[in-house]
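Visitor: Sharing entry_9.tsv, TSV, C-alpha atoms and all ligand atoms:
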chain	number	residue	atom	x	y	z
A	777	MET	CA	239.86	-116.54	-64.64
A	778	ASN	CA	237.26	-115.79	-61.99
A	779	THR	CA	233.82	-114.32	-62.70
A	780	THR	CA	235.00	-110.73	-62.19
A	781	GLU	CA	237.81	-111.26	-64.68
A	782	ILE	CA	235.51	-112.93	-67.19
A	783	ASN	CA	233.13	-109.97	-66.93
A	784	LYS	CA	236.05	-107.60	-67.40
A	785	VAL	CA	237.12	-109.45	-70.56
A	786	LYS	CA	233.53	-109.39	-71.83
A	787	GLU	CA	233.37	-105.66	-71.25
A	788	VAL	CA	236.71	-105.02	-72.99
A	789	LEU	CA	235.62	-107.11	-75.99
A	790	SER	CA	232.12	-105.61	-76.17
A	791	SER	CA	233.19	-102.86	-78.59
A	792	PRO	CA	235.55	-103.13	-81.60
A	793	LYS	CA	239.20	-102.93	-80.56
A	794	LYS	CA	242.62	-102.89	-82.19
A	795	ILE	CA	244.06	-106.15	-80.95
A	796	VAL	CA	247.51	-107.68	-81.29
A	797	ILE	CA	248.21	-111.33	-80.52
A	798	VAL	CA	251.83	-112.16	-79.72
A	799	THR	CA	253.50	-115.45	-78.97
A	800	HIS	CA	256.99	-116.62	-77.98
A	801	LYS	CA	260.18	-116.74	-80.02
A	802	ASN	CA	260.63	-119.85	-82.17
A	803	PRO	CA	256.88	-120.54	-82.13
A	804	ASP	CA	255.75	-124.16	-81.93
A	805	GLY	CA	252.40	-125.74	-82.80
A	806	ASP	CA	250.77	-124.57	-79.58
A	807	ALA	CA	252.03	-121.00	-80.05
A	808	ILE	CA	250.79	-120.75	-83.64
A	809	GLY	CA	247.58	-122.75	-83.05
A	810	SER	CA	246.54	-120.73	-80.00
A	811	SER	CA	247.36	-117.40	-81.70
A	812	LEU	CA	245.42	-118.20	-84.86
A	813	GLY	CA	242.58	-119.96	-83.04
A	814	LEU	CA	242.09	-116.82	-80.96
A	815	TYR	CA	242.56	-114.65	-84.08
A	816	HIS	CA	239.68	-116.35	-85.90
A	817	TYR	CA	237.48	-116.06	-82.81
A	818	LEU	CA	238.19	-112.36	-82.29
A	819	ILE	CA	237.54	-111.46	-85.93
A	820	THR	CA	234.08	-113.03	-85.65
A	821	LEU	CA	233.51	-110.46	-82.87
A	822	LYS	CA	234.46	-107.73	-85.39
A	823	HIS	CA	237.76	-106.70	-83.86
A	824	ASN	CA	240.75	-105.56	-85.89
A	825	VAL	CA	243.32	-108.28	-85.12
A	826	THR	CA	246.97	-108.82	-86.03
A	827	VAL	CA	249.04	-111.87	-85.07
A	828	ILE	CA	252.75	-111.09	-84.65
A	829	THR	CA	255.41	-113.73	-84.01
A	830	PRO	CA	258.93	-112.68	-82.94
A	831	ASN	CA	260.48	-114.75	-85.74
A	832	ASP	CA	259.83	-117.47	-88.29
A	833	TYR	CA	258.46	-120.95	-87.53
A	834	PRO	CA	258.77	-124.40	-89.15
A	835	ASP	CA	257.29	-125.22	-92.56
A	836	PHE	CA	255.10	-127.95	-91.06
A	837	LEU	CA	252.99	-125.17	-89.51
A	838	LYS	CA	252.71	-123.18	-92.73
A	839	TRP	CA	249.28	-124.39	-93.72
A	840	VAL	CA	247.06	-123.72	-90.70
A	841	PRO	CA	244.12	-121.39	-91.42
A	842	GLY	CA	245.23	-117.74	-91.28
A	843	GLU	CA	248.93	-118.58	-91.21
A	844	ASN	CA	249.53	-116.44	-94.32
A	845	LEU	CA	248.43	-113.35	-92.34
A	846	VAL	CA	251.01	-113.70	-89.56
A	847	LEU	CA	253.48	-110.82	-89.30
A	848	LYS	CA	257.02	-111.91	-88.39
A	849	TYR	CA	258.59	-109.21	-86.25
A	850	ASP	CA	262.17	-109.80	-87.35
A	851	ASN	CA	261.21	-109.27	-91.02
A	852	ASN	CA	258.61	-106.50	-90.54
A	853	THR	CA	259.88	-104.62	-87.51
A	854	GLU	CA	258.70	-101.14	-88.44
A	855	ALA	CA	255.20	-102.14	-89.47
A	856	ALA	CA	254.87	-104.32	-86.37
A	857	ASN	CA	256.08	-101.53	-84.07
A	858	THR	CA	253.42	-99.19	-85.44
A	859	ILE	CA	250.67	-101.77	-84.99
A	860	ILE	CA	251.79	-102.51	-81.41
A	861	LYS	CA	251.96	-98.81	-80.52
A	862	GLU	CA	248.41	-98.27	-81.80
A	863	ALA	CA	246.93	-101.38	-80.18
A	864	ASP	CA	244.24	-101.14	-77.49
A	865	LEU	CA	244.76	-104.68	-76.31
A	866	ILE	CA	247.61	-107.20	-76.57
A	867	PHE	CA	247.14	-110.92	-75.95
A	868	THR	CA	250.32	-112.78	-75.02
A	869	LEU	CA	249.92	-116.49	-75.67
A	870	ASP	CA	251.99	-119.52	-74.65
A	871	PHE	CA	254.55	-117.48	-72.71
A	872	ASN	CA	254.48	-115.48	-69.50
A	873	HIS	CA	257.60	-113.32	-69.44
A	874	PHE	CA	258.55	-110.64	-71.99
A	875	SER	CA	262.07	-112.04	-72.20
A	876	ARG	CA	260.61	-115.00	-74.13
A	877	SER	CA	259.53	-112.71	-76.97
A	878	GLY	CA	262.96	-112.25	-78.59
A	879	ASN	CA	263.46	-108.83	-80.18
A	880	MET	CA	259.92	-107.79	-79.23
A	881	GLU	CA	260.83	-107.50	-75.55
A	882	SER	CA	261.33	-103.71	-75.40
A	883	ILE	CA	258.37	-102.72	-77.62
A	884	LEU	CA	256.09	-104.92	-75.48
A	885	LYS	CA	257.49	-103.50	-72.23
A	886	ASN	CA	256.79	-99.96	-73.46
A	887	ALA	CA	253.36	-100.61	-75.01
A	888	ASN	CA	250.38	-98.54	-73.83
A	889	ALA	CA	247.87	-101.31	-74.47
A	890	SER	CA	246.40	-103.52	-71.76
A	891	PHE	CA	247.59	-107.11	-71.76
A	892	ILE	CA	245.72	-110.38	-71.47
A	893	MET	CA	247.93	-113.39	-70.83
A	894	ILE	CA	246.78	-116.91	-71.67
A	895	ASP	CA	249.48	-119.40	-70.76
A	896	HIS	CA	250.28	-122.74	-69.13
A	897	HIS	CA	253.94	-122.25	-68.09
A	898	GLN	CA	255.16	-121.94	-64.52
A	899	GLU	CA	255.87	-118.68	-62.64
A	900	PRO	CA	253.96	-116.08	-64.68
A	901	ASP	CA	255.23	-112.52	-64.61
A	902	ASP	CA	252.90	-109.74	-63.48
A	903	TYR	CA	252.32	-107.50	-66.52
A	904	ALA	CA	248.77	-108.28	-67.59
A	905	LEU	CA	245.39	-106.74	-66.79
A	906	ILE	CA	244.04	-110.29	-66.96
A	907	THR	CA	246.36	-113.20	-66.21
A	908	TYR	CA	244.76	-116.48	-67.27
A	909	SER	CA	247.51	-118.84	-66.19
A	910	ASP	CA	246.98	-122.54	-65.50
A	911	THR	CA	250.01	-124.82	-65.27
A	912	SER	CA	247.79	-127.91	-65.11
A	913	MET	CA	246.69	-127.33	-68.71
A	914	CYS	CA	248.25	-129.44	-71.46
A	915	SER	CA	248.42	-126.54	-73.87
A	916	THR	CA	247.61	-122.89	-74.38
A	917	CYS	CA	245.31	-124.09	-77.15
A	918	GLN	CA	243.09	-125.91	-74.66
A	919	MET	CA	243.02	-122.69	-72.63
A	920	VAL	CA	241.91	-120.70	-75.68
A	921	TYR	CA	239.05	-123.22	-75.98
A	922	HIS	CA	238.13	-122.66	-72.32
A	923	PHE	CA	238.51	-118.90	-72.79
A	924	ILE	CA	235.91	-119.00	-75.57
A	925	GLU	CA	233.79	-121.31	-73.41
A	926	LYS	CA	233.93	-118.93	-70.42
A	927	LEU	CA	232.76	-116.11	-72.69
A	928	GLY	CA	229.77	-118.28	-73.64
A	929	ASP	CA	230.78	-118.48	-77.28
A	930	LEU	CA	231.47	-122.15	-78.04
A	931	ASP	CA	228.75	-121.92	-80.69
A	932	LYS	CA	231.00	-119.47	-82.56
A	933	ILE	CA	233.74	-122.07	-83.10
A	934	THR	CA	234.38	-122.39	-86.84
A	935	PRO	CA	236.43	-125.06	-88.66
A	936	GLU	CA	239.31	-122.52	-88.77
A	937	ILE	CA	239.25	-122.09	-84.99
A	938	ALA	CA	238.78	-125.83	-84.40
A	939	THR	CA	241.71	-126.74	-86.67
A	940	ASN	CA	244.13	-124.32	-85.04
A	941	ILE	CA	243.21	-125.35	-81.51
A	942	TYR	CA	243.46	-129.04	-82.44
A	943	VAL	CA	246.99	-128.50	-83.79
A	944	GLY	CA	248.32	-127.05	-80.53
A	945	ILE	CA	246.67	-129.60	-78.27
A	946	MET	CA	248.01	-132.41	-80.46
A	947	THR	CA	251.59	-131.08	-80.62
A	948	ASP	CA	251.89	-130.07	-76.93
A	949	THR	CA	250.55	-133.41	-75.69
A	950	GLY	CA	252.71	-135.59	-77.96
A	951	SER	CA	249.49	-136.63	-79.70
A	952	PHE	CA	247.42	-136.95	-76.51
A	953	ARG	CA	249.86	-139.09	-74.53
A	954	PHE	CA	251.64	-136.83	-72.03
A	955	ARG	CA	250.50	-136.75	-68.40
A	956	SER	CA	248.91	-133.32	-68.96
A	957	THR	CA	246.32	-134.96	-71.25
A	958	THR	CA	243.05	-135.32	-69.34
A	959	SER	CA	239.59	-136.64	-70.04
A	960	THR	CA	238.59	-132.99	-70.53
A	961	THR	CA	241.30	-132.68	-73.19
A	962	HIS	CA	239.71	-135.64	-75.02
A	963	ARG	CA	236.23	-134.11	-74.72
A	964	VAL	CA	237.56	-130.81	-76.09
A	965	ILE	CA	239.21	-132.69	-78.97
A	966	ALA	CA	236.00	-134.62	-79.68
A	967	ASN	CA	234.08	-131.34	-79.92
A	968	LEU	CA	236.73	-129.83	-82.18
A	969	ILE	CA	236.38	-132.78	-84.56
A	970	ASP	CA	232.60	-132.32	-84.56
A	971	TRP	CA	233.10	-128.62	-85.32
A	972	GLY	CA	235.33	-129.13	-88.33
A	973	ALA	CA	238.85	-130.16	-87.34
A	974	ASP	CA	239.92	-132.86	-89.81
A	975	ASN	CA	241.99	-134.94	-87.40
A	976	THR	CA	243.64	-137.35	-89.84
A	977	ARG	CA	244.59	-134.59	-92.23
A	978	ILE	CA	245.98	-132.44	-89.39
A	979	HIS	CA	248.12	-135.33	-88.19
A	980	GLU	CA	249.50	-135.90	-91.70
A	981	GLN	CA	250.18	-132.22	-92.34
A	982	ILE	CA	252.17	-131.88	-89.11
A	983	TYR	CA	253.97	-135.20	-88.81
A	984	ASP	CA	254.30	-136.69	-92.28
A	985	THR	CA	256.50	-133.90	-93.56
A	986	ASN	CA	259.94	-135.49	-93.35
A	987	THR	CA	262.50	-134.71	-96.02
A	988	PRO	CA	265.33	-137.13	-96.86
A	989	SER	CA	267.83	-134.74	-95.21
A	990	ARG	CA	265.77	-134.58	-92.02
A	991	ILE	CA	265.73	-138.37	-91.82
A	992	ARG	CA	269.52	-138.37	-92.30
A	993	LEU	CA	269.84	-135.77	-89.52
A	994	LYS	CA	267.74	-138.03	-87.29
A	995	GLY	CA	270.18	-140.84	-88.09
A	996	ILE	CA	273.02	-138.62	-86.89
A	997	ALA	CA	271.10	-137.75	-83.72
A	998	ILE	CA	270.55	-141.47	-82.99
A	999	ASN	CA	274.20	-142.18	-83.73
A	1000	ASN	CA	275.33	-139.43	-81.35
A	1001	LEU	CA	273.05	-140.60	-78.54
A	1002	LYS	CA	274.86	-141.30	-75.27
A	1003	ILE	CA	273.41	-143.12	-72.30
A	1004	LEU	CA	274.45	-142.56	-68.69
A	1005	PRO	CA	272.86	-145.57	-66.96
A	1006	GLU	CA	273.87	-144.48	-63.43
A	1007	TYR	CA	271.61	-141.42	-63.89
A	1008	ASN	CA	268.92	-142.99	-66.12
A	1009	THR	CA	269.83	-140.21	-68.50
A	1010	ALA	CA	270.28	-140.03	-72.27
A	1011	TYR	CA	271.61	-137.11	-74.27
A	1012	ILE	CA	272.16	-136.21	-77.91
A	1013	THR	CA	274.47	-133.61	-79.41
A	1014	ILE	CA	274.21	-132.08	-82.87
A	1015	SER	CA	276.94	-129.73	-84.08
A	1016	GLN	CA	276.50	-126.84	-86.48
A	1017	LYS	CA	278.61	-128.79	-89.00
A	1018	GLU	CA	276.23	-131.74	-88.82
A	1019	LEU	CA	273.27	-129.40	-89.30
A	1020	ASP	CA	274.91	-127.72	-92.30
A	1021	GLN	CA	275.86	-131.01	-93.94
A	1022	ASN	CA	272.21	-132.04	-93.79
A	1023	HIS	CA	270.66	-128.80	-95.06
A	1024	PHE	CA	269.09	-128.00	-91.69
A	1025	LYS	CA	265.85	-126.05	-91.77
A	1026	LYS	CA	263.90	-124.68	-88.80
A	1027	GLY	CA	261.91	-127.48	-87.20
A	1028	ASP	CA	264.09	-130.32	-88.51
A	1029	THR	CA	265.24	-131.32	-85.02
A	1030	GLU	CA	261.73	-131.10	-83.51
A	1031	GLY	CA	261.01	-134.15	-81.38
A	1032	PHE	CA	264.54	-135.61	-81.53
A	1033	VAL	CA	264.87	-135.20	-77.76
A	1034	ASN	CA	262.11	-137.78	-77.35
A	1035	ILE	CA	264.32	-140.47	-78.91
A	1036	GLY	CA	266.27	-140.61	-75.64
A	1037	LEU	CA	263.12	-140.62	-73.54
A	1038	SER	CA	261.71	-143.58	-75.47
A	1039	ILE	CA	264.47	-145.85	-74.15
A	1040	LYS	CA	263.30	-148.19	-71.41
A	1041	GLY	CA	264.27	-146.91	-67.97
A	1042	ILE	CA	265.38	-143.46	-69.14
A	1043	LYS	CA	263.97	-140.67	-66.97
A	1044	PHE	CA	265.89	-137.69	-68.27
A	1045	ALA	CA	266.59	-136.91	-71.93
A	1046	VAL	CA	268.45	-133.93	-73.31
A	1047	ILE	CA	269.46	-132.62	-76.70
A	1048	PHE	CA	272.22	-130.03	-77.22
A	1049	ILE	CA	272.10	-128.25	-80.56
A	1050	GLU	CA	274.87	-125.92	-81.61
A	1051	ASN	CA	273.70	-122.59	-83.09
A	1052	LYS	CA	276.75	-120.70	-84.37
A	1053	GLY	CA	274.56	-117.87	-85.71
A	1054	GLU	CA	273.32	-117.00	-82.22
A	1055	GLY	CA	276.56	-118.13	-80.53
A	1056	ILE	CA	274.70	-120.46	-78.19
A	1057	ILE	CA	273.93	-124.10	-77.57
A	1058	LYS	CA	270.14	-124.54	-77.58
A	1059	ILE	CA	269.09	-127.20	-75.13
A	1060	SER	CA	265.86	-129.15	-74.75
A	1061	PHE	CA	265.13	-131.14	-71.60
A	1062	ARG	CA	262.49	-133.83	-71.17
A	1063	SER	CA	261.76	-136.05	-68.18
A	1064	LYS	CA	259.40	-138.59	-66.75
A	1065	ASP	CA	257.76	-138.71	-63.32
A	1066	ASP	CA	259.03	-136.55	-60.47
A	1067	PHE	CA	262.20	-135.09	-61.96
A	1068	SER	CA	261.55	-131.41	-62.72
A	1069	VAL	CA	263.36	-130.24	-65.84
A	1070	ASN	CA	261.78	-126.82	-65.31
A	1071	GLU	CA	263.86	-126.43	-62.14
A	1072	PHE	CA	266.91	-128.07	-63.69
A	1073	SER	CA	266.89	-125.64	-66.59
A	1074	ARG	CA	266.16	-122.61	-64.41
A	1075	ASN	CA	268.99	-123.49	-62.03
A	1076	HIS	CA	271.69	-124.34	-64.56
A	1077	PHE	CA	270.85	-123.33	-68.13
A	1078	GLU	CA	269.02	-119.96	-68.12
A	1079	GLY	CA	265.72	-121.49	-69.15
A	1080	GLY	CA	262.54	-123.03	-67.87
A	1081	GLY	CA	259.22	-124.35	-69.11
A	1082	HIS	CA	257.19	-127.18	-67.63
A	1083	HIS	CA	257.80	-129.92	-65.09
A	1084	ASN	CA	258.52	-132.58	-67.75
A	1085	ALA	CA	259.51	-130.40	-70.74
A	1086	SER	CA	261.75	-127.37	-70.70
A	1087	GLY	CA	264.34	-125.50	-72.71
A	1088	GLY	CA	267.50	-123.58	-72.00
A	1089	ARG	CA	270.78	-122.35	-73.45
A	1090	SER	CA	274.49	-122.21	-72.84
A	1091	ASN	CA	277.15	-119.78	-74.02
A	1092	LEU	CA	279.91	-122.38	-73.69
A	1093	SER	CA	281.10	-124.54	-76.58
A	1094	LEU	CA	279.21	-127.74	-77.35
A	1095	SER	CA	281.77	-129.96	-75.62
A	1096	LYS	CA	282.11	-127.64	-72.58
A	1097	THR	CA	278.31	-127.52	-72.29
A	1098	VAL	CA	278.14	-131.31	-72.18
A	1099	GLU	CA	280.98	-131.35	-69.62
A	1100	LYS	CA	279.10	-128.87	-67.46
A	1101	PHE	CA	275.92	-130.93	-67.80
A	1102	ILE	CA	277.65	-134.17	-66.77
A	1103	SER	CA	279.31	-132.46	-63.82
A	1104	ILE	CA	275.89	-131.38	-62.48
A	1105	LEU	CA	274.27	-134.81	-62.65
A	1106	PRO	CA	275.74	-136.33	-59.45
A	1107	SER	CA	273.68	-133.91	-57.33
A	1108	TYR	CA	270.51	-135.30	-58.94
A	1109	LYS	CA	271.51	-138.96	-58.67
A	1110	ASN	CA	268.95	-139.78	-55.99
A	1111	VAL	CA	265.91	-138.31	-57.71
A	1112	LEU	CA	266.97	-139.81	-61.05
A	1113	ASN	CA	267.17	-143.25	-59.45
A	1114	GLN	CA	263.84	-143.15	-57.60
B	1201	LIG	P1	261.62	-126.82	-76.27
B	1201	LIG	O1	262.58	-127.80	-75.73
B	1201	LIG	O2	260.61	-127.47	-77.16
B	1201	LIG	O3	262.29	-125.62	-76.86
B	1201	LIG	O4	260.82	-126.24	-75.04
B	1201	LIG	C1	260.08	-127.05	-74.17
B	1201	LIG	C2	259.17	-126.20	-73.34
B	1201	LIG	O5	259.93	-125.32	-72.53
B	1201	LIG	C3	258.24	-125.32	-74.15
B	1201	LIG	O6	257.00	-125.26	-73.48
B	1201	LIG	C4	258.91	-123.98	-74.15
B	1201	LIG	O7	257.97	-122.94	-74.25
B	1201	LIG	C5	259.62	-123.96	-72.82
B	1201	LIG	N1	260.89	-123.24	-72.93
B	1201	LIG	C6	261.86	-123.44	-73.84
B	1201	LIG	N2	262.91	-122.61	-73.63
B	1201	LIG	C7	262.59	-121.86	-72.56
B	1201	LIG	C8	263.25	-120.80	-71.85
B	1201	LIG	O8	264.36	-120.40	-72.17
B	1201	LIG	N3	262.59	-120.27	-70.79
B	1201	LIG	C9	261.36	-120.70	-70.40
B	1201	LIG	N4	260.79	-120.12	-69.33
B	1201	LIG	N5	260.71	-121.68	-71.04
B	1201	LIG	C10	261.30	-122.26	-72.10
B	1202	MN	MN	252.48	-124.61	-75.03
Write the structure described by the file as structure tokens, please.

Guide:
Amino acid sequence: MNTTEINKVKEVLSSPKKIVIVTHKNPDGDAIGSSLGLYHYLITLKHNVTVITPNDYPDFLKWVPGENLVLKYDNNTEAANTIIKEADLIFTLDFNHFSRSGNMESILKNANASFIMIDHHQEPDDYALITYSDTSMCSTCQMVYHFIEKLGDLDKITPEIATNIYVGIMTDTGSFRFRSTTSTTHRVIANLIDWGADNTRIHEQIYDTNTPSRIRLKGIAINNLKILPEYNTAYITISQKELDQNHFKKGDTEGFVNIGLSIKGIKFAVIFIENKGEGIIKISFRSKDDFSVNEFSRNHFEGGGHHNASGGRSNLSLSKTVEKFISILPSYKNVLNQ
């Protein structure tokens, strides 16, 4: 955001507004943390604010401050439609294209409100009055911090804001280890701890939430892991049957894709998860160094995301999807062997 844009935001927020905060489908820690961090900030400025997610999110996020106030569009469609139609201002956080908002796509497209986008994904769409897009940022949560900073309001950060922002920075950086983590990220985190984020407790609440069935599902994922040494690639498949047999709940497969990436020499890790309900295979891609999984997913699996972390989908069966994937790899052999 340049100075003109910051002044525009200040002007818009200078009188009480009806504000909606929306994030992407299947919200993760950064989506929920940024939405609720911003929520708590905007209510201190006396705005009327509603956070709406397209659908439900994992239980390990169901404790962050304000989480109980989130409206899930798929369960409250009528109420949410009314609120969106009456909104003056809509923030879209952690996504940059309406197609990422699930069943909210058409109501957002037709909304009268002005939009403010805060997001760190590549290739932002052009729908917002203010587009605060920065692909160098580790997380949308760090951008919400900088957003508050640019408005001169860091002194308004409460423990509720600090906790939510901490959650998203922690989850999107793999606990401060991915390349996107900078010294600024650590300074932001240090301030958030000073301002009331209980770091140890946050870590426990997010990560120490395994159930016996999730651990068993992880065992299956490890068992199904295949390595393709000629491409420095590892992939995992999980079928709907395997999910059902292990009482799958949303979020249970979170992080499994990193098992492949933790193997020495592996540059490209993928997980294919069958979703019979939606009739698709949900795919997560992760990489190291120069190999862009954002491009890989965009080109072959209707998705996108970041350079080293992206998602996509396939309408083929699980086995045909894996066949397709393996047939594509030879054209990336060089970059995967650099
Ligand atoms: P995940 O594998 O955790 O679902 O997604 C990894 C990253 O890619 C996240 O930042 C997520 O927002 C992004 N992502 C996942 N699926 C898609 C998609 O279909 N399109 C785009 N543009 N980004 C995606
Ligand atoms: Mn994010």

Visitor: For Arg977 in chain A, which residue out of A:Trp839, A:Pro834, A:Leu1037, A:His897 is the nearest one, using all atoms listed in the file?

Guide: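 So, comparing all the options, the nearest one is A:Trp839.
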
Visitor: Could you check how far CA of Arg876 in chain A sits from CA of Gly1031 in chain A, in Å to one decimal?

Guide: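 Here the two named atoms are 20.5 Å from each other.
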
Visitor: Have a look at A:Glu843, A:Glu862, A:Glu881, A:Glu980 and name the one nearest to Met946 in chain A; count all atoms listed in the file.

Guide: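 Of A:Glu843, A:Glu862, A:Glu881, A:Glu980, the one nearest Met946 in chain A is A:Glu980, counting all atoms listed in the file.
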
Visitor: Every residue with an atom at most 12 Å from (236.9, -116.7, -63.2) (file coordinates; only C-alpha atoms) is what I'm after, so could you write them as JSON, numbers by chain?

Guide: {"A": [777, 778, 779, 780, 781, 782, 783, 784, 785, 786, 906, 907, 908, 909, 910, 922, 923, 925, 926, 927]}

Visitor: Using all atoms listed in the file, can you tell me which of A:Arg990, A:His1076, A:His1083, A:Lys1109 comes closest to Asn1008 in chain A?

Guide: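 Checking each candidate against Asn1008 in chain A, we get A:Lys1109 as the closest.
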
Visitor: Counting only C-alpha atoms, which of A:Phe1024, A:Gly1080, A:Asp1066, A:Gly842 gets nearest to Ser875 in chain A?

Guide: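 Looking only at the distances to Ser875 in chain A, the closest residue turns out to be A:Gly1080.
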
Visitor: Tell me, in Å to one decimal, how far CA of Leu905 in chain A is from CA of Asp864 in chain A.

Guide: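 So the answer is 12.1 Å.
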
Visitor: My list of candidates is A:Leu814, A:Ile808, A:Met893, A:Val798. Which is closest to Ile860 in chain A when distances are computed with all atoms listed in the file?

Guide: A:Val798

Visitor: Got a sec to check which residues sit within 12 Å of (241.7, -132.2, -73.1), counting all atoms listed in the file, and write them as a PyMOL selection string?

Guide: chain A and resi 912-922+941-942+944-946+948-949+951-968

Visitor: Can you report as lines of an AutoDock Vina configuration file the centre and edge lengths in Å, to one decimal, of an axis-aligned box around the listed atoms of range 834-839 of chain A padded with 3 Å on each side?

Guide:
center_x = 254.0
center_y = -125.6
center_z = -91.4
size_x = 15.5
size_y = 10.8
size_z = 10.6

Visitor: Please identify every polymer residue within 6 Å of ligand LIG 1201 (chain B), using all atoms listed in the file, and present the set as number ranges by chain.

Guide: A: 1060-1061, 1079-1082, 1085-1088

Visitor: Please dump the current selection as a PDB file, keeping the file's coordinate frame; keep C-alpha atoms.

Guide:
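Output below, filename part.pdb:
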ATOM      1  CA  SER A1060     265.860-129.150 -74.750  1.00  0.00           C
ATOM      2  CA  PHE A1061     265.130-131.140 -71.600  1.00  0.00           C
ATOM      3  CA  GLY A1079     265.720-121.490 -69.150  1.00  0.00           C
ATOM      4  CA  GLY A1080     262.540-123.030 -67.870  1.00  0.00           C
ATOM      5  CA  GLY A1081     259.220-124.350 -69.110  1.00  0.00           C
ATOM      6  CA  HIS A1082     257.190-127.180 -67.630  1.00  0.00           C
ATOM      7  CA  ALA A1085     259.510-130.400 -70.740  1.00  0.00           C
ATOM      8  CA  SER A1086     261.750-127.370 -70.700  1.00  0.00           C
ATOM      9  CA  GLY A1087     264.340-125.500 -72.710  1.00  0.00           C
ATOM     10  CA  GLY A1088     267.500-123.580 -72.000  1.00  0.00           C
TER      11      GLY A1088
END
